[in-house]
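A.B. asks: Data: target.pdb, PDB, C-alpha atoms, pLDDT in the B column.
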MODEL        1
ATOM      1  CA  MET A 193      54.717-206.120  26.522  1.00 46.00           C
ATOM      2  CA  SER A 194      53.626-205.149  23.023  1.00 73.00           C
ATOM      3  CA  LYS A 195      54.449-207.171  19.952  1.00 96.00           C
ATOM      4  CA  ARG A 196      57.393-205.721  18.066  1.00 98.00           C
ATOM      5  CA  LEU A 197      58.573-205.764  14.482  1.00 98.00           C
ATOM      6  CA  VAL A 198      61.994-204.841  13.121  1.00 98.00           C
ATOM      7  CA  ALA A 199      61.523-203.864   9.466  1.00 98.00           C
ATOM      8  CA  TYR A 200      64.627-202.922   7.515  1.00 98.00           C
ATOM      9  CA  PHE A 201      66.035-202.037   4.117  1.00 98.00           C
ATOM     10  CA  SER A 202      69.661-202.957   3.541  1.00 97.00           C
ATOM     11  CA  ALA A 203      71.596-202.005   0.417  1.00 93.00           C
ATOM     12  CA  SER A 204      74.900-203.686   1.289  1.00 91.00           C
ATOM     13  CA  GLY A 205      74.125-206.093   4.136  1.00 94.00           C
ATOM     14  CA  VAL A 206      75.301-203.853   6.999  1.00 96.00           C
ATOM     15  CA  THR A 207      71.795-202.767   8.022  1.00 98.00           C
ATOM     16  CA  ALA A 208      70.600-206.388   7.727  1.00 98.00           C
ATOM     17  CA  LYS A 209      73.202-207.476  10.287  1.00 97.00           C
ATOM     18  CA  VAL A 210      72.261-204.663  12.671  1.00 98.00           C
ATOM     19  CA  ALA A 211      68.528-205.392  12.231  1.00 98.00           C
ATOM     20  CA  ASP A 212      69.044-209.070  13.031  1.00 98.00           C
ATOM     21  CA  THR A 213      70.917-208.258  16.248  1.00 98.00           C
ATOM     22  CA  LEU A 214      68.273-205.692  17.220  1.00 98.00           C
ATOM     23  CA  ALA A 215      65.385-208.101  16.537  1.00 98.00           C
ATOM     24  CA  LYS A 216      66.939-210.737  18.783  1.00 97.00           C
ATOM     25  CA  ALA A 217      67.611-208.184  21.543  1.00 97.00           C
ATOM     26  CA  ALA A 218      64.069-206.777  21.292  1.00 97.00           C
ATOM     27  CA  GLY A 219      62.321-210.134  21.026  1.00 97.00           C
ATOM     28  CA  ALA A 220      60.869-208.855  17.753  1.00 98.00           C
ATOM     29  CA  ASP A 221      59.881-210.359  14.439  1.00 98.00           C
ATOM     30  CA  LEU A 222      62.129-209.481  11.493  1.00 98.00           C
ATOM     31  CA  TYR A 223      60.972-208.235   8.073  1.00 98.00           C
ATOM     32  CA  GLU A 224      63.127-207.226   5.124  1.00 98.00           C
ATOM     33  CA  ILE A 225      61.936-204.360   2.934  1.00 98.00           C
ATOM     34  CA  LYS A 226      63.098-205.500  -0.495  1.00 97.00           C
ATOM     35  CA  PRO A 227      62.888-203.216  -3.521  1.00 97.00           C
ATOM     36  CA  ALA A 228      60.974-204.667  -6.482  1.00 97.00           C
ATOM     37  CA  ILE A 229      64.042-203.860  -8.568  1.00 96.00           C
ATOM     38  CA  PRO A 230      67.174-204.623  -6.546  1.00 95.00           C
ATOM     39  CA  TYR A 231      69.831-201.927  -6.392  1.00 95.00           C
ATOM     40  CA  THR A 232      73.038-202.617  -8.287  1.00 95.00           C
ATOM     41  CA  GLU A 233      76.424-201.243  -7.297  1.00 94.00           C
ATOM     42  CA  ALA A 234      76.054-198.636 -10.067  1.00 95.00           C
ATOM     43  CA  ASP A 235      72.596-197.678  -8.704  1.00 95.00           C
ATOM     44  CA  LEU A 236      74.169-196.967  -5.321  1.00 93.00           C
ATOM     45  CA  ASP A 237      77.009-194.769  -6.607  1.00 94.00           C
ATOM     46  CA  TRP A 238      76.218-191.551  -4.726  1.00 87.00           C
ATOM     47  CA  ARG A 239      79.051-189.758  -6.551  1.00 90.00           C
ATOM     48  CA  ASN A 240      77.197-190.202  -9.868  1.00 96.00           C
ATOM     49  CA  LYS A 241      74.365-187.662 -10.091  1.00 95.00           C
ATOM     50  CA  ASP A 242      72.642-189.909 -12.651  1.00 96.00           C
ATOM     51  CA  SER A 243      72.669-193.060 -10.501  1.00 96.00           C
ATOM     52  CA  ARG A 244      69.313-194.469  -9.429  1.00 95.00           C
ATOM     53  CA  SER A 245      69.844-193.640  -5.740  1.00 94.00           C
ATOM     54  CA  SER A 246      70.927-190.065  -6.571  1.00 94.00           C
ATOM     55  CA  ILE A 247      67.858-189.509  -8.734  1.00 95.00           C
ATOM     56  CA  GLU A 248      65.518-190.940  -6.081  1.00 94.00           C
ATOM     57  CA  MET A 249      67.042-188.903  -3.282  1.00 91.00           C
ATOM     58  CA  ARG A 250      66.811-185.629  -5.241  1.00 94.00           C
ATOM     59  CA  ASP A 251      63.056-186.187  -5.557  1.00 94.00           C
ATOM     60  CA  PRO A 252      61.317-186.209  -2.143  1.00 87.00           C
ATOM     61  CA  ALA A 253      58.198-187.597  -3.855  1.00 93.00           C
ATOM     62  CA  SER A 254      60.092-190.652  -5.128  1.00 95.00           C
ATOM     63  CA  ARG A 255      58.529-193.890  -3.908  1.00 97.00           C
ATOM     64  CA  PRO A 256      60.443-196.980  -5.075  1.00 97.00           C
ATOM     65  CA  THR A 257      58.227-200.048  -5.307  1.00 97.00           C
ATOM     66  CA  ILE A 258      58.558-202.724  -2.645  1.00 98.00           C
ATOM     67  CA  GLY A 259      58.949-206.294  -3.873  1.00 96.00           C
ATOM     68  CA  SER A 260      58.623-208.185  -0.589  1.00 94.00           C
ATOM     69  CA  ALA A 261      55.224-209.477   0.523  1.00 95.00           C
ATOM     70  CA  ALA A 262      53.160-207.256   2.784  1.00 95.00           C
ATOM     71  CA  VAL A 263      53.290-207.811   6.531  1.00 96.00           C
ATOM     72  CA  ASP A 264      50.195-207.975   8.761  1.00 96.00           C
ATOM     73  CA  MET A 265      50.824-204.724  10.598  1.00 96.00           C
ATOM     74  CA  SER A 266      47.766-205.210  12.823  1.00 95.00           C
ATOM     75  CA  GLU A 267      49.837-207.704  14.829  1.00 95.00           C
ATOM     76  CA  TYR A 268      52.328-205.066  15.990  1.00 97.00           C
ATOM     77  CA  ASP A 269      52.287-202.126  18.386  1.00 97.00           C
ATOM     78  CA  THR A 270      55.943-201.152  18.078  1.00 98.00           C
ATOM     79  CA  LEU A 271      57.836-200.877  14.816  1.00 98.00           C
ATOM     80  CA  PHE A 272      61.597-200.432  14.557  1.00 98.00           C
ATOM     81  CA  VAL A 273      62.425-199.247  11.028  1.00 98.00           C
ATOM     82  CA  GLY A 274      66.018-199.572   9.849  1.00 98.00           C
ATOM     83  CA  PHE A 275      67.950-198.308   6.852  1.00 98.00           C
ATOM     84  CA  PRO A 276      71.286-196.936   5.723  1.00 97.00           C
ATOM     85  CA  ILE A 277      71.489-193.135   5.855  1.00 95.00           C
ATOM     86  CA  TRP A 278      71.429-191.670   2.335  1.00 91.00           C
ATOM     87  CA  TRP A 279      71.962-187.916   1.955  1.00 86.00           C
ATOM     88  CA  TYR A 280      71.301-187.412   5.709  1.00 89.00           C
ATOM     89  CA  VAL A 281      67.851-189.038   5.583  1.00 93.00           C
ATOM     90  CA  ALA A 282      66.202-192.422   5.116  1.00 96.00           C
ATOM     91  CA  PRO A 283      66.056-193.786   1.556  1.00 97.00           C
ATOM     92  CA  THR A 284      62.669-193.023  -0.003  1.00 96.00           C
ATOM     93  CA  ILE A 285      61.763-196.734  -0.051  1.00 97.00           C
ATOM     94  CA  ILE A 286      61.231-196.293   3.703  1.00 98.00           C
ATOM     95  CA  ASN A 287      58.517-193.735   2.954  1.00 98.00           C
ATOM     96  CA  THR A 288      56.996-196.253   0.518  1.00 98.00           C
ATOM     97  CA  PHE A 289      56.958-198.849   3.294  1.00 98.00           C
ATOM     98  CA  LEU A 290      55.441-196.575   5.940  1.00 98.00           C
ATOM     99  CA  GLU A 291      52.785-195.251   3.556  1.00 98.00           C
ATOM    100  CA  SER A 292      51.728-198.810   2.710  1.00 97.00           C
ATOM    101  CA  TYR A 293      50.128-199.304   6.145  1.00 97.00           C
ATOM    102  CA  ASP A 294      47.782-197.661   8.606  1.00 97.00           C
ATOM    103  CA  LEU A 295      50.206-196.972  11.446  1.00 97.00           C
ATOM    104  CA  SER A 296      47.756-195.059  13.637  1.00 97.00           C
ATOM    105  CA  GLY A 297      48.443-195.615  17.324  1.00 97.00           C
ATOM    106  CA  LYS A 298      51.730-197.413  16.702  1.00 97.00           C
ATOM    107  CA  THR A 299      55.139-196.419  18.032  1.00 97.00           C
ATOM    108  CA  ILE A 300      57.760-196.114  15.297  1.00 98.00           C
ATOM    109  CA  ILE A 301      61.452-196.047  16.130  1.00 98.00           C
ATOM    110  CA  PRO A 302      63.927-195.409  13.312  1.00 98.00           C
ATOM    111  CA  PHE A 303      67.422-196.844  13.437  1.00 98.00           C
ATOM    112  CA  ALA A 304      70.133-196.466  10.862  1.00 98.00           C
ATOM    113  CA  THR A 305      73.600-197.415   9.783  1.00 97.00           C
ATOM    114  CA  SER A 306      76.106-194.935   8.439  1.00 93.00           C
ATOM    115  CA  GLY A 307      79.800-194.667   7.912  1.00 83.00           C
ATOM    116  CA  SER A 308      79.978-191.092   9.115  1.00 85.00           C
ATOM    117  CA  SER A 309      76.708-189.156   9.302  1.00 87.00           C
ATOM    118  CA  GLY A 310      73.979-188.918  11.901  1.00 91.00           C
ATOM    119  CA  MET A 311      70.203-189.111  11.496  1.00 95.00           C
ATOM    120  CA  GLY A 312      70.064-185.672   9.852  1.00 92.00           C
ATOM    121  CA  LYS A 313      66.497-184.738   8.875  1.00 94.00           C
ATOM    122  CA  THR A 314      65.258-188.327   8.947  1.00 95.00           C
ATOM    123  CA  ASN A 315      62.248-187.753  11.219  1.00 96.00           C
ATOM    124  CA  GLU A 316      61.282-184.589   9.385  1.00 96.00           C
ATOM    125  CA  ARG A 317      61.098-186.581   6.139  1.00 95.00           C
ATOM    126  CA  LEU A 318      59.444-189.667   7.671  1.00 97.00           C
ATOM    127  CA  SER A 319      56.802-187.960   9.799  1.00 97.00           C
ATOM    128  CA  PRO A 320      54.349-187.206   6.944  1.00 97.00           C
ATOM    129  CA  SER A 321      54.509-190.885   5.939  1.00 98.00           C
ATOM    130  CA  CYS A 322      53.190-192.184   9.265  1.00 97.00           C
ATOM    131  CA  PRO A 323      50.305-189.955  10.413  1.00 97.00           C
ATOM    132  CA  GLY A 324      48.664-190.860  13.696  1.00 97.00           C
ATOM    133  CA  SER A 325      51.714-192.741  14.965  1.00 98.00           C
ATOM    134  CA  LYS A 326      54.225-191.822  17.636  1.00 97.00           C
ATOM    135  CA  LEU A 327      57.544-191.317  15.809  1.00 98.00           C
ATOM    136  CA  LEU A 328      60.452-191.419  18.242  1.00 97.00           C
ATOM    137  CA  ASP A 329      63.908-190.015  17.614  1.00 95.00           C
ATOM    138  CA  GLY A 330      66.150-192.567  16.004  1.00 93.00           C
ATOM    139  CA  ARG A 331      69.760-193.483  16.360  1.00 96.00           C
ATOM    140  CA  VAL A 332      72.660-194.553  14.149  1.00 97.00           C
ATOM    141  CA  PHE A 333      74.381-197.848  14.962  1.00 97.00           C
ATOM    142  CA  LYS A 334      77.630-199.421  13.810  1.00 95.00           C
ATOM    143  CA  SER A 335      77.685-202.888  12.270  1.00 94.00           C
ATOM    144  CA  ASN A 336      79.271-204.390  15.373  1.00 95.00           C
ATOM    145  CA  THR A 337      76.692-203.096  17.871  1.00 96.00           C
ATOM    146  CA  SER A 338      76.165-205.746  20.543  1.00 96.00           C
ATOM    147  CA  SER A 339      72.938-207.213  21.798  1.00 96.00           C
ATOM    148  CA  ASP A 340      73.643-205.685  25.226  1.00 97.00           C
ATOM    149  CA  GLU A 341      73.920-202.216  23.649  1.00 97.00           C
ATOM    150  CA  PHE A 342      70.556-202.717  21.946  1.00 97.00           C
ATOM    151  CA  ILE A 343      68.946-203.943  25.162  1.00 96.00           C
ATOM    152  CA  ALA A 344      70.159-200.797  26.973  1.00 96.00           C
ATOM    153  CA  TRP A 345      68.872-198.595  24.144  1.00 97.00           C
ATOM    154  CA  ILE A 346      65.460-200.288  24.147  1.00 96.00           C
ATOM    155  CA  LYS A 347      65.182-199.822  27.916  1.00 95.00           C
ATOM    156  CA  SER A 348      66.016-196.122  27.513  1.00 95.00           C
ATOM    157  CA  LEU A 349      63.123-195.740  25.063  1.00 94.00           C
ATOM    158  CA  ASP A 350      60.599-196.710  27.747  1.00 85.00           C
ATOM    159  CA  ILE A 351      58.345-198.565  25.311  1.00 86.00           C
TER     160      ILE A 351
ENDMDL
END
Now, as a test, write the supplied structure out as structure tokens.
C.D. replies:
Amino acid sequence: MSKRLVAYFSASGVTAKVADTLAKAAGADLYEIKPAIPYTEADLDWRNKDSRSSIEMRDPASRPTIGSAAVDMSEYDTLFVGFPIWWYVAPTIINTFLESYDLSGKTIIPFATSGSSGMGKTNERLSPSCPGSKLLDGRVFKSNTSSDEFIAWIKSLDI
């Protein structure tokens, strides 16, 4: 079995809870992707076109700076990457994270949390950020997803 990492960005705590349950189910290490400048409630107001998250998501080249220490990616073969869905894709800090490492030969599996939307164009937007890796289709999970549900999902991935 390969060594696994669950790396996640959580704006409100929901994705953090899901990532923790997934990491335990997968027997994986857990790593939080923290922005250098934490998001405030006003930053996350998607209804305000001038909020920080709205500005970042309108610009596909946006790369928010990560404030958490780097992880030794050479230790891992499989990387679960989690985030809340913003505008039908991953927040651009996920691109920042992926582009910070050489992910050649690694398997990357996105997972997300969302109140109502699916994965949208997530893989299309993430693929250029992880060249040389195997990017699998991701899935959206609810905050109350059980360990058994994650175990079944992991088995279905055949990793």
A.B. asks: With the file shown as input, list the residues that the PyMOL selection byres ((chain A and resi 311) around 10) selects, as number ranges by chain.
C.D. replies: A: 276-282, 302-306, 309-310, 312-315, 329-332
A.B. asks: How many Å separate CA of Ser243 in chain A from CA of Ala203 in chain A?
C.D. replies: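 We find that CA of Ser243 in chain A and CA of Ala203 in chain A lie 14.2 Å from each other.
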A.B. asks: Rounded to one decimal in Å, what is the spacing between CA of Leu214 in chain A and CA of Glu233 in chain A?
C.D. replies: 26.2 Å
A.B. asks: I need the residue nearest Asp340 in chain A from this list: A:Met265, A:Ala218, A:Ile285, A:Val206. Use all atoms listed in the file for the distance.
C.D. replies: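 Result for the nearest residue to Asp340 in chain A: A:Ala218.
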A.B. asks: Have a look at A:Tyr293, A:Tyr231, A:Tyr223, A:Trp345 and name the one nearest to Ala208 in chain A; count only C-alpha atoms.
C.D. replies: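 Selected residue with least distance to Ala208 in chain A: A:Tyr223.
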A.B. asks: As a check of understanding, name the residues that the PyMOL selection byres ((chain A and resi 343) around 10) selects in the supplied structure, as a list in words.
C.D. replies: Leu214, Lys216, Ala217, Ala218, Gly219, Ser338, Ser339, Asp340, Glu341, Phe342, Ala344, Trp345, Ile346, Lys347 and Ser348 of chain A
A.B. asks: Just checking: using all atoms listed in the file, which residue out of A:Ala234, A:Leu318, A:Leu271, A:Ile300 ends up closest to Ala215 in chain A?
C.D. replies: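 Distance minimum relative to Ala215 in chain A lands on A:Leu271.
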A.B. asks: Name the residues that the PyMOL selection byres ((chain A and resi 198) around 7) picks from the file above, as a count of residues only, using the file's chain letters and numbers.
C.D. replies: 13
A.B. asks: Could you check how far CA of Ser194 in chain A sits from CA of Thr213 in chain A, in Å to one decimal?
C.D. replies: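 We find that CA of Ser194 in chain A and CA of Thr213 in chain A lie 18.8 Å from each other.
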A.B. asks: Given the point (70.4, -195.0, -3.4) in the file's coordinates, find the residues that have an atom at most 7 Å from it, counting all atoms listed in the file, and give them as an mmCIF file with C-alpha atoms, in the frame of the given file.
C.D. replies:
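As a result, part_10.cif now contains:
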data_model
loop_
_atom_site.group_PDB
_atom_site.id
_atom_site.type_symbol
_atom_site.label_atom_id
_atom_site.label_comp_id
_atom_site.auth_asym_id
_atom_site.auth_seq_id
_atom_site.Cartn_x
_atom_site.Cartn_y
_atom_site.Cartn_z
ATOM 1 C CA ASP A 235 72.596 -197.678 -8.704
ATOM 2 C CA LEU A 236 74.169 -196.967 -5.321
ATOM 3 C CA TRP A 238 76.218 -191.551 -4.726
ATOM 4 C CA ARG A 244 69.313 -194.469 -9.429
ATOM 5 C CA SER A 245 69.844 -193.640 -5.740
ATOM 6 C CA SER A 246 70.927 -190.065 -6.571
ATOM 7 C CA GLU A 248 65.518 -190.940 -6.081
ATOM 8 C CA MET A 249 67.042 -188.903 -3.282
ATOM 9 C CA TRP A 278 71.429 -191.670 2.335
ATOM 10 C CA PRO A 283 66.056 -193.786 1.556
#
A.B. asks: Edge lengths and centre in Å to one decimal, as lines of an AutoDock Vina configuration file, of the axis-aligned box that encloses all listed atoms of range 250-261 of chain A with 3 Å added on every side?
C.D. replies:
center_x = 61.0
center_y = -197.6
center_z = -2.5
size_x = 17.6
size_y = 29.8
size_z = 12.1
A.B. asks: Which residue out of A:Lys195, A:Lys298, A:Lys226, A:Lys326 has the minimum interatomic distance to Ser260 in chain A when only C-alpha atoms are used?
C.D. replies: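 When distances to Ser260 in chain A are compared using only C-alpha atoms, the smallest one comes from A:Lys226.
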A.B. asks: Which is closer to Ser335 in chain A than all the others in A:Gly297, A:Gly259, A:Pro227, A:Gly307, using only C-alpha atoms?
C.D. replies: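 The shortest atom-to-atom distance to Ser335 in chain A comes from A:Gly307.
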A.B. asks: Which is closer to Ser292 in chain A than all the others in A:Ile225, A:Val210, A:Leu327, A:Ile351, using only C-alpha atoms?
C.D. replies: A:Ile225
A.B. asks: Excluding Ser266 in chain A and its own-chain neighbours fewer than 2 positions away, which residues fall within 9 Å of it when counting only C-alpha atoms? Please give them as a list in words.
C.D. replies: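 Returned residues: Val263, Asp264, Tyr268, Asp269, Asp294 and Leu295 of chain A.
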A.B. asks: Limited to C-alpha atoms, could you put the picked residues into a file as a PDB file, keeping the file's coordinate frame?
C.D. replies:
ATOM      1  CA  VAL A 263      53.290-207.811   6.531  1.00 96.00           C
ATOM      2  CA  ASP A 264      50.195-207.975   8.761  1.00 96.00           C
ATOM      3  CA  TYR A 268      52.328-205.066  15.990  1.00 97.00           C
ATOM      4  CA  ASP A 269      52.287-202.126  18.386  1.00 97.00           C
ATOM      5  CA  ASP A 294      47.782-197.661   8.606  1.00 97.00           C
ATOM      6  CA  LEU A 295      50.206-196.972  11.446  1.00 97.00           C
TER       7      LEU A 295
END
